[in-house]
There are 4 protein chains.
Amino acid sequence: MAGYSMSRDEYLNRLRRIEGQVRGLQRMVSEDTYCIDILTQVSSVSNALRGVAVGLLDEHVRHCVMDAAAAGDDSKVDEATAAIERLLRS
Amino acid sequence: MAGYSMSRDEYLNRLRRIEGQVRGLQRMVSEDTYCIDILTQVSSVSNALRGVAVGLLDEHVRHCVMDAAAAGDDSKVDEATAAIERLLRS
Amino acid sequence: MAGYSMSRDEYLNRLRRIEGQVRGLQRMVSEDTYCIDILTQVSSVSNALRGVAVGLLDEHVRHCVMDAAAAGDDSKVDEATAAIERLLRS
Amino acid sequence: MAGYSMSRDEYLNRLRRIEGQVRGLQRMVSEDTYCIDILTQVSSVSNALRGVAVGLLDEHVRHCVMDAAAAGDDSKVDEATAAIERLLRS
């Protein structure tokens with residue numbers, strides 16, 4: 001795996017961990033955990049999601065965008081940039 | 001519920017929806033869905049998480065910070081600001 | 001100055017430094033500097049702006065929101081939460 | 001200009017406008033403007049900076065990354081992904 005890209009299993013592991021963290025958030029809310037502790041966990045889920053997003057983007061540019069480029073087609077760049085913009089706003 | 005705050009049930013509903021979206025992400029990765037579509041879903045989970053965070057912060061300032069202030073204690077402000085900073089970085 | 005708050009001079013110093021960085025960005029664009037180096041500088045301006053925002057928010061909660069609260073008025077909380085949400089989206 | 005990319009003049013115009021906004025922030029701080037109004041302006045500067053960053057990234061992928069790819073070199077992808085990650089954290 002080059003650069004920031006991950007294997008499919010690595011993505012799945014990370015997403016399962018994120019799912020567990022989100023279930024942890026539900027438990028914290030149910031048990032009236034102190035807000036600041038819940039917010040710390042929310043930040044940690046956001047960071048974990050960003051890691052997944054960065055890996056997917058790397059892979060997308062490395063494969064889809066470049067393969068299209070090799071075929072003289074740069075239409076994939078607009079699409080990738082739009083995805084980056086959505087992430088930066090989210 | 002004042003302002004951005006939510007009831008406990010509303011937080012739980014949102015977090016269950018987020019959990020479902022994260023499971024959806026796992027399915028998308030397993031089925032080799034097109035990267036850009038996965039990234040769109042990641043942005044949507046991030047947006048949903050931000051909604052939960054904003055609600056929790058509102059509640060925290062409205063209750064914990066203000067109750068402490070009424071008792072002449074502003075130590076909760078540092079803690080709230082640190083949580084906001086972590087969210088802005090995440 | 002308590003917590004993350006700064007003196008007016010400290011805000012002005014930071015903002016003047018940010019202004020200098022933005023002028024630096026103009027020079028980099030004029031001189032055809034390598035994109036990645038310009039982007040690194042853009043991230044650095046964003047980080048510096050976040051520092052200013054966090055300081056202002058801290059101060060706002062510590063003074064305006066709490067003074068209003070002491071007078072039994074929590075209408076400032078909505079306004080503060082809305083500002084936090086705008087920052088989180090920006 | 002394809003996609004999100006801009007001409008050099010457009011980048012310079014945007015950066016000059018951002019410089020003016022940052023000077024406006026200094027004026028607001030000097031004149032003791034209400035915190036929330038300063039924060040609204042900070043969010044607006046952040047949004048404007050993001051626009052510049054997205055344009056530069058688009059251009060970088062469209063030209064540098066793709067030219068390198070055409071020459072069988074994907075080392076530019078790591079560099080681009082690292083820049084995206086810095087922006088997402090900033």
# chains A, B, ... in the order shown; residues from 1 in each chain; ligands from 1
call {"tool": "interface_residues", "arguments": {"of": "chain A", "to": "chain D", "cutoff": "12 Å", "atoms": "only C-alpha atoms", "output": "MDAnalysis selection string"}}
result
chainID A and resid 1:5 43 46:90
call {"tool": "atom_distance", "arguments": {"atom1": "CA of Ile36 in chain C", "atom2": "CA of Asp37 in chain B"}}
result
26.3 Å
call {"tool": "atom_distance", "arguments": {"atom1": "CA of Gln41 in chain D", "atom2": "CA of Arg8 in chain D"}}
result
25.1 Å
call {"tool": "atom_distance", "arguments": {"atom1": "CA of Gly20 in chain B", "atom2": "CA of Arg17 in chain A"}}
result
13.6 Å
call {"tool": "residues_around", "arguments": {"residues": "Arg23 in chain C", "least_positions_apart": "5", "cutoff": "8 Å", "atoms": "only C-alpha atoms", "output": "number ranges by chain"}}
result
D: 15-16, 19
call {"tool": "write_last_selection", "arguments": {"atoms": "N, CA and C atoms", "output": "compact mmCIF listing (two decimals), in the first residue's frame"}}
result
# COMPACT_ATOMS: atom_id res chain seq x y z
N LEU D 15 -6.88 37.08 -2.51
CA LEU D 15 -5.95 37.26 -1.38
C LEU D 15 -5.92 38.72 -0.94
N ARG D 16 -6.06 39.65 -1.88
CA ARG D 16 -6.11 41.08 -1.49
C ARG D 16 -7.38 41.36 -0.69
N GLU D 19 -6.78 40.06 2.71
CA GLU D 19 -5.92 41.00 3.44
C GLU D 19 -6.77 42.16 3.99
call {"tool": "select_by_dssp", "arguments": {"residues": "chain D", "states": "alpha helix (DSSP H)", "output": "tab-separated table (two decimals) with N, CA and C atoms, in the first residue's frame"}}
result
chain	number	residue	atom	x	y	z
D	8	ARG	N	-4.09	33.37	-12.11
D	8	ARG	CA	-3.24	34.00	-11.10
D	8	ARG	C	-3.89	35.31	-10.59
D	9	ASP	N	-4.48	36.07	-11.50
D	9	ASP	CA	-5.12	37.33	-11.08
D	9	ASP	C	-6.28	37.09	-10.13
D	10	GLU	N	-7.02	36.04	-10.39
D	10	GLU	CA	-8.16	35.73	-9.51
D	10	GLU	C	-7.64	35.37	-8.10
D	11	TYR	N	-6.57	34.58	-8.04
D	11	TYR	CA	-6.00	34.28	-6.71
D	11	TYR	C	-5.56	35.57	-6.02
D	12	LEU	N	-4.88	36.43	-6.79
D	12	LEU	CA	-4.38	37.68	-6.18
D	12	LEU	C	-5.54	38.55	-5.71
D	13	ASN	N	-6.60	38.62	-6.51
D	13	ASN	CA	-7.78	39.41	-6.09
D	13	ASN	C	-8.35	38.88	-4.79
D	14	ARG	N	-8.49	37.57	-4.74
D	14	ARG	CA	-9.07	36.98	-3.52
D	14	ARG	C	-8.18	37.23	-2.31
D	15	LEU	N	-6.88	37.08	-2.51
D	15	LEU	CA	-5.95	37.26	-1.38
D	15	LEU	C	-5.92	38.72	-0.94
D	16	ARG	N	-6.06	39.65	-1.88
D	16	ARG	CA	-6.11	41.08	-1.49
D	16	ARG	C	-7.38	41.36	-0.69
D	17	ARG	N	-8.48	40.73	-1.11
D	17	ARG	CA	-9.73	40.90	-0.37
D	17	ARG	C	-9.57	40.32	1.06
D	18	ILE	N	-8.91	39.16	1.15
D	18	ILE	CA	-8.69	38.55	2.47
D	18	ILE	C	-7.81	39.48	3.32
D	19	GLU	N	-6.78	40.06	2.71
D	19	GLU	CA	-5.92	41.00	3.44
D	19	GLU	C	-6.77	42.16	3.99
D	20	GLY	N	-7.66	42.66	3.15
D	20	GLY	CA	-8.54	43.75	3.60
D	20	GLY	C	-9.43	43.32	4.77
D	21	GLN	N	-9.92	42.08	4.68
D	21	GLN	CA	-10.76	41.56	5.79
D	21	GLN	C	-9.96	41.46	7.08
D	22	VAL	N	-8.68	41.04	6.97
D	22	VAL	CA	-7.85	40.90	8.17
D	22	VAL	C	-7.57	42.30	8.75
D	23	ARG	N	-7.37	43.29	7.89
D	23	ARG	CA	-7.21	44.65	8.41
D	23	ARG	C	-8.50	45.12	9.07
D	24	GLY	N	-9.64	44.72	8.47
D	24	GLY	CA	-10.93	45.04	9.08
D	24	GLY	C	-11.04	44.44	10.48
D	25	LEU	N	-10.53	43.22	10.64
D	25	LEU	CA	-10.55	42.58	11.97
D	25	LEU	C	-9.74	43.39	12.97
D	26	GLN	N	-8.60	43.92	12.54
D	26	GLN	CA	-7.78	44.74	13.45
D	26	GLN	C	-8.56	45.98	13.88
D	27	ARG	N	-9.24	46.60	12.91
D	27	ARG	CA	-10.04	47.79	13.23
D	27	ARG	C	-11.13	47.42	14.24
D	28	MET	N	-11.79	46.30	13.99
D	28	MET	CA	-12.87	45.88	14.89
D	28	MET	C	-12.34	45.68	16.31
D	29	VAL	N	-11.18	45.03	16.43
D	29	VAL	CA	-10.61	44.81	17.77
D	29	VAL	C	-10.26	46.15	18.41
D	30	SER	N	-9.65	47.05	17.64
D	30	SER	CA	-9.27	48.37	18.20
D	30	SER	C	-10.48	49.15	18.68
D	35	CYS	N	-17.84	41.01	20.30
D	35	CYS	CA	-17.13	39.76	19.97
D	35	CYS	C	-17.78	38.95	18.85
D	36	ILE	N	-19.10	38.80	18.97
D	36	ILE	CA	-19.79	37.93	18.01
D	36	ILE	C	-19.64	38.46	16.58
D	37	ASP	N	-19.64	39.77	16.42
D	37	ASP	CA	-19.47	40.34	15.09
D	37	ASP	C	-18.04	40.11	14.58
D	38	ILE	N	-17.07	40.16	15.48
D	38	ILE	CA	-15.69	39.86	15.07
D	38	ILE	C	-15.60	38.39	14.65
D	39	LEU	N	-16.23	37.52	15.43
D	39	LEU	CA	-16.19	36.09	15.12
D	39	LEU	C	-16.85	35.78	13.78
D	40	THR	N	-17.91	36.49	13.46
D	40	THR	CA	-18.56	36.29	12.17
D	40	THR	C	-17.59	36.63	11.04
D	41	GLN	N	-16.84	37.71	11.23
D	41	GLN	CA	-15.85	38.11	10.22
D	41	GLN	C	-14.70	37.08	10.15
D	42	VAL	N	-14.31	36.52	11.30
D	42	VAL	CA	-13.26	35.48	11.29
D	42	VAL	C	-13.74	34.27	10.47
D	43	SER	N	-14.99	33.86	10.67
D	43	SER	CA	-15.52	32.73	9.88
D	43	SER	C	-15.51	33.06	8.40
D	44	SER	N	-15.79	34.30	8.08
D	44	SER	CA	-15.84	34.68	6.67
D	44	SER	C	-14.42	34.65	6.06
D	45	VAL	N	-13.42	35.07	6.82
D	45	VAL	CA	-12.03	34.97	6.33
D	45	VAL	C	-11.65	33.50	6.13
D	46	SER	N	-12.03	32.64	7.09
D	46	SER	CA	-11.73	31.21	6.95
D	46	SER	C	-12.37	30.62	5.70
D	47	ASN	N	-13.61	31.00	5.45
D	47	ASN	CA	-14.28	30.49	4.25
D	47	ASN	C	-13.56	30.96	2.99
D	48	ALA	N	-13.14	32.22	2.99
D	48	ALA	CA	-12.45	32.76	1.81
D	48	ALA	C	-11.11	32.05	1.60
D	49	LEU	N	-10.41	31.78	2.70
D	49	LEU	CA	-9.13	31.04	2.59
D	49	LEU	C	-9.36	29.64	2.06
D	50	ARG	N	-10.45	29.00	2.51
D	50	ARG	CA	-10.72	27.65	2.02
D	50	ARG	C	-10.93	27.67	0.50
D	51	GLY	N	-11.61	28.71	0.00
D	51	GLY	CA	-11.81	28.82	-1.45
D	51	GLY	C	-10.48	28.86	-2.19
D	52	VAL	N	-9.53	29.63	-1.66
D	52	VAL	CA	-8.21	29.71	-2.28
D	52	VAL	C	-7.52	28.35	-2.24
D	53	ALA	N	-7.60	27.68	-1.09
D	53	ALA	CA	-6.93	26.39	-0.93
D	53	ALA	C	-7.50	25.36	-1.90
D	54	VAL	N	-8.82	25.34	-2.03
D	54	VAL	CA	-9.46	24.36	-2.92
D	54	VAL	C	-9.01	24.60	-4.37
D	55	GLY	N	-8.93	25.87	-4.76
D	55	GLY	CA	-8.46	26.20	-6.11
D	55	GLY	C	-7.03	25.72	-6.34
D	56	LEU	N	-6.17	25.97	-5.35
D	56	LEU	CA	-4.76	25.57	-5.50
D	56	LEU	C	-4.62	24.05	-5.57
D	57	LEU	N	-5.40	23.36	-4.75
D	57	LEU	CA	-5.34	21.89	-4.75
D	57	LEU	C	-5.79	21.33	-6.09
D	58	ASP	N	-6.89	21.88	-6.59
D	58	ASP	CA	-7.41	21.43	-7.88
D	58	ASP	C	-6.32	21.57	-8.94
D	59	GLU	N	-5.70	22.74	-8.96
D	59	GLU	CA	-4.67	23.01	-9.94
D	59	GLU	C	-3.49	22.07	-9.77
D	60	HIS	N	-3.13	21.84	-8.51
D	60	HIS	CA	-1.98	20.98	-8.24
D	60	HIS	C	-2.23	19.56	-8.76
D	66	MET	N	-0.63	15.07	-12.21
D	66	MET	CA	-0.90	14.34	-13.44
D	66	MET	C	0.30	14.29	-14.37
D	67	ASP	N	1.05	15.37	-14.42
D	67	ASP	CA	2.25	15.35	-15.27
D	67	ASP	C	3.25	14.32	-14.75
D	68	ALA	N	3.37	14.28	-13.43
D	68	ALA	CA	4.28	13.29	-12.84
D	68	ALA	C	3.76	11.88	-13.14
D	69	ALA	N	2.44	11.72	-13.04
D	69	ALA	CA	1.85	10.40	-13.31
D	69	ALA	C	2.11	9.96	-14.74
D	70	ALA	N	1.98	10.91	-15.66
D	70	ALA	CA	2.22	10.59	-17.08
D	70	ALA	C	3.64	10.09	-17.27
D	75	SER	N	4.94	9.86	-6.88
D	75	SER	CA	5.44	10.40	-5.60
D	75	SER	C	4.73	11.70	-5.23
D	76	LYS	N	4.16	12.39	-6.21
D	76	LYS	CA	3.48	13.64	-5.92
D	76	LYS	C	2.18	13.42	-5.16
D	77	VAL	N	1.65	12.20	-5.22
D	77	VAL	CA	0.36	11.95	-4.56
D	77	VAL	C	0.51	12.04	-3.05
D	78	ASP	N	1.56	11.43	-2.52
D	78	ASP	CA	1.80	11.53	-1.07
D	78	ASP	C	1.83	12.97	-0.61
D	79	GLU	N	2.56	13.76	-1.37
D	79	GLU	CA	2.73	15.17	-1.02
D	79	GLU	C	1.38	15.90	-1.04
D	80	ALA	N	0.57	15.61	-2.06
D	80	ALA	CA	-0.74	16.25	-2.16
D	80	ALA	C	-1.64	15.79	-1.01
D	81	THR	N	-1.60	14.49	-0.69
D	81	THR	CA	-2.44	14.00	0.40
D	81	THR	C	-2.02	14.62	1.72
D	82	ALA	N	-0.72	14.77	1.93
D	82	ALA	CA	-0.25	15.39	3.17
D	82	ALA	C	-0.76	16.83	3.26
D	83	ALA	N	-0.79	17.54	2.13
D	83	ALA	CA	-1.29	18.92	2.14
D	83	ALA	C	-2.79	18.95	2.47
D	84	ILE	N	-3.53	18.00	1.91
D	84	ILE	CA	-4.97	17.92	2.20
D	84	ILE	C	-5.18	17.64	3.69
D	85	GLU	N	-4.39	16.75	4.23
D	85	GLU	CA	-4.53	16.42	5.65
D	85	GLU	C	-4.25	17.66	6.53
D	86	ARG	N	-3.21	18.40	6.18
D	86	ARG	CA	-2.91	19.62	6.95
D	86	ARG	C	-4.08	20.59	6.89
D	87	LEU	N	-4.68	20.73	5.71
D	87	LEU	CA	-5.83	21.64	5.58
D	87	LEU	C	-7.01	21.15	6.42
D	88	LEU	N	-7.25	19.84	6.40
D	88	LEU	CA	-8.40	19.29	7.15
D	88	LEU	C	-8.21	19.47	8.65
D	89	ARG	N	-6.99	19.52	9.11
D	89	ARG	CA	-6.71	19.71	10.53
D	89	ARG	C	-6.70	21.18	10.92
call {"tool": "decode", "arguments": {"residues": "range 38-64 of chain C", "atoms": "N, CA and C atoms", "output": "JSON list (two decimals), in the first residue's frame"}}
result
[["chain", "number", "residue", "atom", "x", "y", "z"],
["C", 38, "ILE", "N", 2.58, 26.94, -1.03],
["C", 38, "ILE", "CA", 1.52, 27.94, -0.79],
["C", 38, "ILE", "C", 0.46, 27.33, 0.13],
["C", 39, "LEU", "N", 0.09, 26.08, -0.14],
["C", 39, "LEU", "CA", -0.95, 25.42, 0.68],
["C", 39, "LEU", "C", -0.50, 25.27, 2.14],
["C", 40, "THR", "N", 0.78, 25.00, 2.34],
["C", 40, "THR", "CA", 1.29, 24.91, 3.71],
["C", 40, "THR", "C", 1.10, 26.24, 4.43],
["C", 41, "GLN", "N", 1.36, 27.32, 3.72],
["C", 41, "GLN", "CA", 1.18, 28.66, 4.30],
["C", 41, "GLN", "C", -0.31, 28.95, 4.55],
["C", 42, "VAL", "N", -1.18, 28.49, 3.65],
["C", 42, "VAL", "CA", -2.62, 28.69, 3.87],
["C", 42, "VAL", "C", -3.05, 27.96, 5.15],
["C", 43, "SER", "N", -2.56, 26.73, 5.36],
["C", 43, "SER", "CA", -2.91, 25.99, 6.59],
["C", 43, "SER", "C", -2.42, 26.75, 7.81],
["C", 44, "SER", "N", -1.27, 27.36, 7.68],
["C", 44, "SER", "CA", -0.71, 28.08, 8.82],
["C", 44, "SER", "C", -1.55, 29.33, 9.14],
["C", 45, "VAL", "N", -2.03, 30.03, 8.11],
["C", 45, "VAL", "CA", -2.92, 31.18, 8.36],
["C", 45, "VAL", "C", -4.22, 30.70, 9.03],
["C", 46, "SER", "N", -4.76, 29.58, 8.55],
["C", 46, "SER", "CA", -6.00, 29.03, 9.15],
["C", 46, "SER", "C", -5.79, 28.72, 10.63],
["C", 47, "ASN", "N", -4.65, 28.11, 10.93],
["C", 47, "ASN", "CA", -4.37, 27.79, 12.34],
["C", 47, "ASN", "C", -4.27, 29.06, 13.17],
["C", 48, "ALA", "N", -3.62, 30.08, 12.63],
["C", 48, "ALA", "CA", -3.46, 31.33, 13.37],
["C", 48, "ALA", "C", -4.83, 31.99, 13.59],
["C", 49, "LEU", "N", -5.68, 31.93, 12.58],
["C", 49, "LEU", "CA", -7.03, 32.50, 12.72],
["C", 49, "LEU", "C", -7.83, 31.74, 13.77],
["C", 50, "ARG", "N", -7.67, 30.42, 13.80],
["C", 50, "ARG", "CA", -8.39, 29.64, 14.82],
["C", 50, "ARG", "C", -7.98, 30.08, 16.22],
["C", 51, "GLY", "N", -6.67, 30.35, 16.39],
["C", 51, "GLY", "CA", -6.20, 30.83, 17.70],
["C", 51, "GLY", "C", -6.91, 32.11, 18.12],
["C", 52, "VAL", "N", -7.06, 33.04, 17.18],
["C", 52, "VAL", "CA", -7.75, 34.29, 17.48],
["C", 52, "VAL", "C", -9.22, 34.01, 17.83],
["C", 53, "ALA", "N", -9.85, 33.14, 17.05],
["C", 53, "ALA", "CA", -11.26, 32.84, 17.28],
["C", 53, "ALA", "C", -11.48, 32.21, 18.65],
["C", 54, "VAL", "N", -10.61, 31.28, 19.03],
["C", 54, "VAL", "CA", -10.76, 30.60, 20.31],
["C", 54, "VAL", "C", -10.61, 31.60, 21.45],
["C", 55, "GLY", "N", -9.67, 32.53, 21.31],
["C", 55, "GLY", "CA", -9.49, 33.56, 22.33],
["C", 55, "GLY", "C", -10.74, 34.44, 22.47],
["C", 56, "LEU", "N", -11.29, 34.83, 21.33],
["C", 56, "LEU", "CA", -12.48, 35.70, 21.36],
["C", 56, "LEU", "C", -13.68, 34.98, 21.97],
["C", 57, "LEU", "N", -13.81, 33.71, 21.63],
["C", 57, "LEU", "CA", -14.94, 32.93, 22.16],
["C", 57, "LEU", "C", -14.82, 32.79, 23.68],
["C", 58, "ASP", "N", -13.61, 32.48, 24.13],
["C", 58, "ASP", "CA", -13.37, 32.33, 25.56],
["C", 58, "ASP", "C", -13.79, 33.61, 26.29],
["C", 59, "GLU", "N", -13.35, 34.73, 25.73],
["C", 59, "GLU", "CA", -13.63, 36.01, 26.35],
["C", 59, "GLU", "C", -15.13, 36.29, 26.35],
["C", 60, "HIS", "N", -15.75, 35.95, 25.22],
["C", 60, "HIS", "CA", -17.18, 36.21, 25.10],
["C", 60, "HIS", "C", -17.97, 35.42, 26.14],
["C", 61, "VAL", "N", -17.64, 34.13, 26.27],
["C", 61, "VAL", "CA", -18.37, 33.32, 27.25],
["C", 61, "VAL", "C", -18.07, 33.84, 28.66],
["C", 62, "ARG", "N", -16.79, 34.13, 28.91],
["C", 62, "ARG", "CA", -16.36, 34.56, 30.25],
["C", 62, "ARG", "C", -17.02, 35.87, 30.67],
["C", 63, "HIS", "N", -17.24, 36.77, 29.72],
["C", 63, "HIS", "CA", -17.79, 38.07, 30.12],
["C", 63, "HIS", "C", -19.24, 38.24, 29.70],
["C", 64, "CYS", "N", -19.47, 38.42, 28.40],
["C", 64, "CYS", "CA", -20.84, 38.75, 27.97],
["C", 64, "CYS", "C", -21.85, 37.69, 28.40]]
